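Following: one structure in structure tokens, then a few remarks.
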Amino acid sequence: MATESHGADEGGLVFHPMDQFIVKPLMGDGPVSMFTVTNSTLWMIITVLCVIGLMVVGSSRRAIIPSRVQSIAELAYGFIYKMVEDVTGKDGVKYFPYIMTLFIFIVFANFLGLLPRAFTPTSHIAVTAVLAMLVFVAVTVLGFVKNGAGFLSLFWVSSAPLALRPVLALIEVISYFVRPVSHSIRLAGNMMAGHAVIKVFAAFAPMVLISTGIGLVVTPLSILAITAMYGLEILVAFIQAYVFTILTCVYLKDALHPHH
Amino acid sequence: MATETQDAAGAAQAPGMPQLDFSTFGNQIFWLLVTLVVIYFVLSRVALPRIAAVLAERQGTITNDIAKAEDLKAQAADAEAAYEKALADARSEAQAIAQATRDDIKAQGQAAQAEADAKIAAKAAESEKAIAEIRASAMENVEVVAKDTAEALVSALGGSASKADIDAAVTNRLKG
Amino acid sequence: MEGDIVQMGAFIGAGLACMGMGGAAVGVGNVAGNYLAGALRNPSAAASQTATLFIGIAFAEALGIFSFLVALLLMFAV
């Protein structure tokens, strides 16, 4: 879409780096309503299929000596289980399926988004904000249900000098409410930034077609940069899923054991 | 550039970042919730219990195998001890046999030596007897020759002596 | 590319906002460097602190992402 309007009259970016994030209906060209099947929906469905393929089909043989797919599934299970157990303690283990759901969704959405021409649902603030708000609301409700008013002691740092405590309480309250914001923007921002940077380099890559002189320098450099960024993005895709999950565990621990 | 993007993104799209296009939020949130619920049920009903069971089963198998391995190790140690014992027995038996053989050979040797000694002693005695006989006969001969010589000497010197005197004198000289 | 003065200001602001990323880079480097220094002093305790390392990196990085977001908003949304 952008190719015609930009490439023709500007000679700058051949396509716009943010165009890849446009949510558009898969069939037809109408407006996006609540239940329209869009490209975002498509990739979420592919994510679900991959999750089923890994976790259900992969483990269906129940082999004592696992196949490759089954050992990946077991690795993911063990990784998240250990994380939940280490960070939140024994009583956090019963929330393990929820945390596993978050992790496996984010990690698959991130990795599938790295495929060329794919769409990354987690690069959208709407998606990550819902994920973060789910965690925030669940953790807050859980904290009050489990501890009653004692949950408020999370904000009252009893180890600090008495005079400092109100100030610290204010800071703690602010930081508590900023949590979902940073939690969601970190994930969406990382995904968006990496994909946009790759797209920017990709726009420079065909420079050799426009101007052979500069192009001989710019084109190899940008292809090299795309490769390097892609490698970094593979790392980031996993690390962001890991960070999102471990922060969820940390917040859950705060809700279960609010006393500092 | 922002305005151009707006044109490029199509008339229905909001300006600027697609992430801030609020008209798609409801759609994304709806499908996200559907996705999460599906994944949650798939995981909590099917996948996670199954993987937990597989892991527990494997843990059990490993524990069993380790126990079995310990058992086999103990058996191996027993077998080794039995083998060592058999080896020691065999060695002591071999030593006993060797000792018996050695004693046997020694006894045979001693018997043979004794026999040989006896033979030698007999021979020696015989020889001694022969020597004594020879010596006696020689003495006798010497006496006879001496007596004859003495008699001859006496007669040659012009004397005469009785046979008895000469015999007594010779015998007396021979006794020295 | 003829635009108005508002757009020029927005682009300059976007460029300025990108300086925040440098701060995030310093922060992340600080976290990772101190982790490495501590890990080399006491390697046996290193493995148990990996989660803390990633949490620290995530917090430092989030602020850089905020500045990136401000830049993007100035570029495309204002």
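Ordering of the structure tokens sets the chain letters (A, B, ...), residue numbers begin anew at 1 in every chain, and ligands are numbered from 1 in the order given.
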
ask   = If we count only C-alpha atoms, which residues of chain C reach to within 12 Å of chain B? Please list them as a PyMOL selection string.
value = chain C and resi 1-4+6-8+10-11+69-78

task = Do me a favour and pick out the residues of chain C within 8 Å of chain A, using only C-alpha atoms, as a count of residues only.
result = 10

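The interface of chain A with chain B at 6 Å, considering only C-alpha atoms, consists of Ala2, Phe21, Ile22, Val32, Met34, Phe35, Met55, Val56, Arg62, Ile64, Pro97, Thr101, His124 and Ala126 of chain A.
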
message = With only C-alpha atoms as the counted atoms, please give the residues lying no more than 9 Å from Met27 (chain A), apart from itself and same-chain residues fewer than 5 positions off, as number ranges by chain.
response = A: 36-38

query = In Å to one decimal, how far is CA of Ala138 (chain B) from CA of Ser160 (chain B)?
reply =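 Straight-line distance from CA of Ser160 (chain B) to CA of Ala138 (chain B) works out to 27.6 Å.
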
Quick one: residues within 12 Å of Met19 (chain C), only C-alpha atoms counted, chain neighbours fewer than 2 positions away excluded, as a PDB file with N, CA and C atoms, in the first residue's frame?
```
ATOM      1  N   ILE C  12      12.548  17.174  15.764  1.00  0.00           N
ATOM      2  CA  ILE C  12      13.694  17.494  16.633  1.00  0.00           C
ATOM      3  C   ILE C  12      13.488  16.871  18.008  1.00  0.00           C
ATOM      4  N   GLY C  13      12.252  16.975  18.494  1.00  0.00           N
ATOM      5  CA  GLY C  13      11.948  16.377  19.799  1.00  0.00           C
ATOM      6  C   GLY C  13      12.157  14.880  19.788  1.00  0.00           C
ATOM      7  N   ALA C  14      11.771  14.254  18.678  1.00  0.00           N
ATOM      8  CA  ALA C  14      11.958  12.804  18.585  1.00  0.00           C
ATOM      9  C   ALA C  14      13.432  12.455  18.667  1.00  0.00           C
ATOM     10  N   GLY C  15      14.238  13.242  17.958  1.00  0.00           N
ATOM     11  CA  GLY C  15      15.681  12.994  18.022  1.00  0.00           C
ATOM     12  C   GLY C  15      16.216  13.178  19.423  1.00  0.00           C
ATOM     13  N   LEU C  16      15.730  14.231  20.114  1.00  0.00           N
ATOM     14  CA  LEU C  16      16.191  14.461  21.481  1.00  0.00           C
ATOM     15  C   LEU C  16      15.758  13.311  22.393  1.00  0.00           C
ATOM     16  N   ALA C  17      14.536  12.818  22.152  1.00  0.00           N
ATOM     17  CA  ALA C  17      14.030  11.746  23.014  1.00  0.00           C
ATOM     18  C   ALA C  17      14.901  10.510  22.893  1.00  0.00           C
ATOM     19  N   MET C  21      17.677   6.725  25.232  1.00  0.00           N
ATOM     20  CA  MET C  21      18.109   5.345  25.016  1.00  0.00           C
ATOM     21  C   MET C  21      19.551   5.148  25.475  1.00  0.00           C
ATOM     22  N   GLY C  22      20.353   6.223  25.298  1.00  0.00           N
ATOM     23  CA  GLY C  22      21.737   6.115  25.768  1.00  0.00           C
ATOM     24  C   GLY C  22      21.777   5.889  27.268  1.00  0.00           C
ATOM     25  N   GLY C  23      20.896   6.604  27.985  1.00  0.00           N
ATOM     26  CA  GLY C  23      20.837   6.402  29.431  1.00  0.00           C
ATOM     27  C   GLY C  23      20.475   4.975  29.772  1.00  0.00           C
ATOM     28  N   ALA C  24      19.504   4.436  29.032  1.00  0.00           N
ATOM     29  CA  ALA C  24      19.111   3.048  29.287  1.00  0.00           C
ATOM     30  C   ALA C  24      20.272   2.116  28.995  1.00  0.00           C
ATOM     31  N   ALA C  25      21.030   2.435  27.946  1.00  0.00           N
ATOM     32  CA  ALA C  25      22.181   1.595  27.599  1.00  0.00           C
ATOM     33  C   ALA C  25      23.197   1.602  28.730  1.00  0.00           C
ATOM     34  N   VAL C  26      23.457   2.809  29.281  1.00  0.00           N
ATOM     35  CA  VAL C  26      24.392   2.898  30.405  1.00  0.00           C
ATOM     36  C   VAL C  26      23.874   2.069  31.574  1.00  0.00           C
ATOM     37  N   LEU C  63      12.863   2.005  30.873  1.00  0.00           N
ATOM     38  CA  LEU C  63      12.920   3.467  30.776  1.00  0.00           C
ATOM     39  C   LEU C  63      13.431   3.891  29.401  1.00  0.00           C
ATOM     40  N   GLY C  64      14.384   3.110  28.855  1.00  0.00           N
ATOM     41  CA  GLY C  64      14.815   3.394  27.488  1.00  0.00           C
ATOM     42  C   GLY C  64      13.684   3.209  26.497  1.00  0.00           C
ATOM     43  N   ILE C  65      12.872   2.176  26.750  1.00  0.00           N
ATOM     44  CA  ILE C  65      11.724   1.936  25.875  1.00  0.00           C
ATOM     45  C   ILE C  65      10.737   3.098  25.957  1.00  0.00           C
ATOM     46  N   PHE C  66      10.610   3.686  27.163  1.00  0.00           N
ATOM     47  CA  PHE C  66       9.719   4.845  27.288  1.00  0.00           C
ATOM     48  C   PHE C  66      10.191   5.983  26.380  1.00  0.00           C
ATOM     49  N   SER C  67      11.500   6.223  26.372  1.00  0.00           N
ATOM     50  CA  SER C  67      11.991   7.328  25.543  1.00  0.00           C
ATOM     51  C   SER C  67      11.796   7.003  24.061  1.00  0.00           C
ATOM     52  N   PHE C  68      11.990   5.729  23.728  1.00  0.00           N
ATOM     53  CA  PHE C  68      11.743   5.311  22.355  1.00  0.00           C
ATOM     54  C   PHE C  68      10.283   5.547  21.991  1.00  0.00           C
ATOM     55  N   VAL C  70       8.286   7.754  23.302  1.00  0.00           N
ATOM     56  CA  VAL C  70       8.044   9.193  23.142  1.00  0.00           C
ATOM     57  C   VAL C  70       8.487   9.625  21.740  1.00  0.00           C
ATOM     58  N   ALA C  71       9.641   9.117  21.311  1.00  0.00           N
ATOM     59  CA  ALA C  71      10.123   9.453  19.975  1.00  0.00           C
ATOM     60  C   ALA C  71       9.124   9.014  18.915  1.00  0.00           C
TER      61      ALA C  71
END
```
